[in-house]
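Have a look at start24.tsv below; it lists TSV, C-alpha atoms.
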chain	number	residue	atom	x	y	z
G	213	MET	CA	43.03	24.53	96.29
G	214	ASN	CA	43.60	26.57	99.46
G	215	ASN	CA	46.89	25.17	100.72
G	216	LEU	CA	47.31	25.85	104.41
G	217	THR	CA	50.46	24.65	106.09
G	218	LEU	CA	50.03	21.46	108.06
G	219	ARG	CA	50.42	23.52	111.23
G	220	GLN	CA	47.52	25.79	110.21
G	221	TRP	CA	45.42	22.83	109.09
G	222	ILE	CA	45.94	21.02	112.41
G	223	GLN	CA	45.02	24.15	114.35
G	224	ASN	CA	41.80	24.51	112.33
G	225	PHE	CA	41.04	20.82	112.80
G	226	GLU	CA	41.58	21.01	116.56
G	227	GLU	CA	39.28	24.06	116.67
G	228	SER	CA	36.56	21.94	114.95
G	229	LYS	CA	36.48	24.17	111.86
G	230	TYR	CA	36.07	21.16	109.57
G	231	TYR	CA	33.19	19.45	111.40
G	232	SER	CA	30.44	20.93	109.22
G	233	LYS	CA	28.83	18.76	106.54
G	234	ASP	CA	28.79	21.80	104.26
G	235	ARG	CA	30.49	20.95	100.97
G	236	GLU	CA	32.45	24.22	100.86
G	237	ILE	CA	33.82	23.65	104.37
G	238	GLN	CA	35.00	20.18	103.36
G	239	VAL	CA	36.70	21.58	100.27
G	240	GLU	CA	38.43	24.07	102.60
G	241	ALA	CA	39.42	21.08	104.75
G	242	GLY	CA	41.28	19.74	101.73
G	243	TRP	CA	38.94	17.39	99.87
G	244	TYR	CA	40.06	17.34	96.28
G	245	ASP	CA	38.20	14.43	94.72
G	246	TRP	CA	35.49	12.06	95.96
G	247	PHE	CA	32.94	9.49	94.85
G	248	CYS	CA	30.99	9.31	98.10
G	249	LYS	CA	28.12	11.59	99.15
G	250	ASP	CA	29.14	15.15	100.03
G	251	THR	CA	27.54	14.66	103.44
G	252	SER	CA	29.99	11.81	104.20
G	253	LEU	CA	33.05	14.03	103.95
G	254	ALA	CA	32.85	15.60	107.43
G	255	HIS	CA	32.96	12.19	109.10
G	256	LYS	CA	35.85	11.13	106.88
G	257	THR	CA	37.70	14.36	107.71
G	258	ARG	CA	37.41	13.64	111.44
G	259	ILE	CA	38.78	10.11	111.00
G	260	LEU	CA	41.60	11.03	108.63
G	261	GLY	CA	42.43	14.22	110.52
G	262	LYS	CA	43.34	12.22	113.61
G	263	LYS	CA	45.71	10.16	111.48
G	264	VAL	CA	47.25	13.29	109.95
G	265	ILE	CA	47.94	14.55	113.47
G	266	GLN	CA	49.52	11.22	114.44
G	267	ILE	CA	52.07	11.29	111.64
G	268	SER	CA	52.63	15.06	111.91
G	269	LYS	CA	54.91	14.43	114.88
G	270	SER	CA	57.40	12.65	112.58
G	271	SER	CA	60.78	14.12	111.64
G	272	LYS	CA	59.80	13.26	108.03
G	273	ILE	CA	57.01	15.86	108.20
G	274	ASN	CA	57.55	19.62	108.20
G	275	LEU	CA	54.51	21.40	109.60
G	276	ASP	CA	55.48	24.71	108.00
G	277	THR	CA	56.47	23.66	104.47
G	278	MET	CA	53.93	20.89	103.80
G	279	TYR	CA	50.18	20.68	103.36
G	280	VAL	CA	47.56	17.94	103.21
G	281	PHE	CA	44.71	17.08	100.89
G	282	PHE	CA	42.23	14.21	100.80
G	283	LYS	CA	40.87	11.86	98.17
G	284	ASN	CA	38.09	9.31	98.16
G	285	ASN	CA	39.04	6.70	95.56
G	286	CYS	CA	36.98	4.33	93.46
G	287	PRO	CA	39.14	1.45	92.20
G	288	MET	CA	37.96	-0.67	89.30
G	289	ASN	CA	38.64	-3.76	91.36
G	290	GLY	CA	37.43	-3.13	94.91
G	291	SER	CA	35.47	-0.68	97.03
G	292	LEU	CA	35.70	3.02	97.84
G	293	TYR	CA	38.56	4.01	100.12
G	294	ASP	CA	40.18	7.21	101.36
G	295	ASP	CA	43.72	8.48	101.36
G	296	PHE	CA	45.52	11.68	102.17
G	297	ARG	CA	48.48	13.26	100.49
G	298	ILE	CA	51.26	15.20	102.16
G	299	CYS	CA	52.66	17.74	99.71
G	300	ASP	CA	55.37	20.36	99.41
G	301	LEU	CA	53.74	23.77	99.81
G	302	GLU	CA	56.09	25.53	97.40
G	303	THR	CA	56.03	23.07	94.49
G	304	GLY	CA	52.76	21.24	95.09
G	305	ASP	CA	54.59	17.93	94.66
G	306	VAL	CA	53.15	14.98	96.52
G	307	ILE	CA	55.70	13.68	99.01
G	308	TYR	CA	53.59	10.90	100.58
G	309	THR	CA	50.29	9.23	99.77
G	310	ILE	CA	48.95	7.58	102.92
G	311	THR	CA	46.08	5.12	102.84
G	312	PRO	CA	44.81	3.96	106.25
G	313	SER	CA	42.66	1.19	104.74
G	314	GLU	CA	42.87	0.20	101.08
G	315	GLY	CA	39.82	-0.72	99.05
G	316	TYR	CA	41.50	-2.81	96.38
G	317	THR	CA	40.26	-6.39	96.43
G	318	ARG	CA	43.82	-7.77	96.68
G	319	THR	CA	44.92	-5.55	99.60
G	320	LYS	CA	41.55	-4.73	101.19
G	321	GLY	CA	41.90	-3.20	104.64
G	322	GLN	CA	45.67	-2.83	104.55
G	323	ALA	CA	47.36	0.47	105.26
G	324	SER	CA	50.03	1.79	102.92
G	325	VAL	CA	52.46	4.62	102.33
G	326	TRP	CA	53.72	5.53	98.89
G	327	GLY	CA	56.34	8.19	98.47
G	328	LYS	CA	58.69	10.34	96.54
G	329	GLU	CA	61.59	8.50	98.19
G	330	ASN	CA	61.30	5.77	95.55
G	331	ASP	CA	59.35	7.79	92.96
G	332	PHE	CA	56.12	6.01	93.98
G	333	LYS	CA	57.31	2.82	92.21
G	334	GLU	CA	56.17	0.60	95.07
G	335	SER	CA	54.79	1.07	98.53
G	336	LEU	CA	57.20	2.17	101.23
G	337	VAL	CA	54.97	0.45	103.78
G	338	GLN	CA	52.21	-2.12	103.42
G	339	GLY	CA	50.44	-3.55	106.46
G	340	THR	CA	48.64	-2.02	109.41
G	341	TRP	CA	48.25	1.55	110.65
G	342	LYS	CA	50.80	0.59	113.31
G	343	ASP	CA	53.27	-0.16	110.49
G	344	VAL	CA	52.57	3.27	108.99
G	345	LYS	CA	53.26	4.95	112.32
G	346	LYS	CA	56.46	2.92	112.67
G	347	PHE	CA	57.59	4.15	109.21
G	348	PHE	CA	57.06	7.71	110.43
G	349	ASP	CA	58.92	6.86	113.67
G	350	ILE	CA	55.86	7.41	115.82
Just dump the structure as structure tokens.
Amino acid sequence: MNNLTLRQWIQNFEESKYYSKDREIQVEAGWYDWFCKDTSLAHKTRILGKKVIQISKSSKINLDTMYVFFKNNCPMNGSLYDDFRICDLETGDVIYTITPSEGYTRTKGQASVWGKENDFKESLVQGTWKDVKKFFDI
């Protein structure tokens, strides 16, 4: 995976470099795994990219030592949903997994943040996107 810093990724996003439906461009944008059509990724990147930018202003996020990647998930009990992971550039460790709208039947539509702070044992936040932004002090 081509791991750009968050700062570089945001610059590319704001310059519309990830708007193409081309599969290779979307892999460059950070898509790691997906179950949806390849042609759906560009739209998902635009939606999730705006959310990445929103939380990037947090003191919990370091634009120069972290990177982002995206997943489209297929739970056994629910519908497809997307998340993005904020990772340490040096180690590759996931620091946060952020889901704007879960697809699990039990928590459908809820936003969540899971993190290294509690070793991903339970969500750090469960609720709305507003709750996620509040967690990141935005």
Listed atoms of segment 241-246 of chain G boxed axis-aligned with 6 Å per side, centre + edges as lines of an AutoDock Vina configuration file:
center_x = 38.4
center_y = 16.6
center_z = 99.7
size_x = 17.8
size_y = 21.0
size_z = 22.0
- Between G:Asn285, G:Gln238, G:Asn274, G:Asn215, which one has atoms that come closest to Gly315 of chain G, using only C-alpha atoms?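 Ranked by minimum distance to Gly315 of chain G, first place goes to G:Asn285.
Among G:Thr257, G:Ser232, G:Ser335, G:Asn224, the residue with the shortest atom-to-atom distance to Lys283 of chain G, counting only C-alpha atoms, is G:Thr257.
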- Message: Please return as JSON, numbers by chain every residue within 12 Å of (40.8, 19.2, 100.2), taking into account only C-alpha atoms and the file's own coordinates.
- Response: {"G": [213, 214, 215, 216, 221, 230, 235, 236, 237, 238, 239, 240, 241, 242, 243, 244, 245, 246, 253, 254, 256, 257, 260, 261, 279, 280, 281, 282, 283, 284, 295, 296, 297, 298, 299]}
- Message: One decimal, in Å: what's the spacing between atom CA of Trp326 of chain G and atom CA of Asp305 of chain G?
- Response: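 If I compute the distance from atom CA of Trp326 of chain G to atom CA of Asp305 of chain G, I get 13.1 Å.
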- Of the candidates G:Cys248, G:Asn289, G:Leu301, G:Glu226, which shows the shortest atom-to-atom distance to Lys262 of chain G, using all atoms listed in the file? G:Glu226
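In this structure, atom CA of Lys272 of chain G sits 28.6 Å away from atom CA of Pro287 of chain G.
The coordinates place atom CA of Phe247 of chain G at 23.5 Å from atom CA of Phe332 of chain G.
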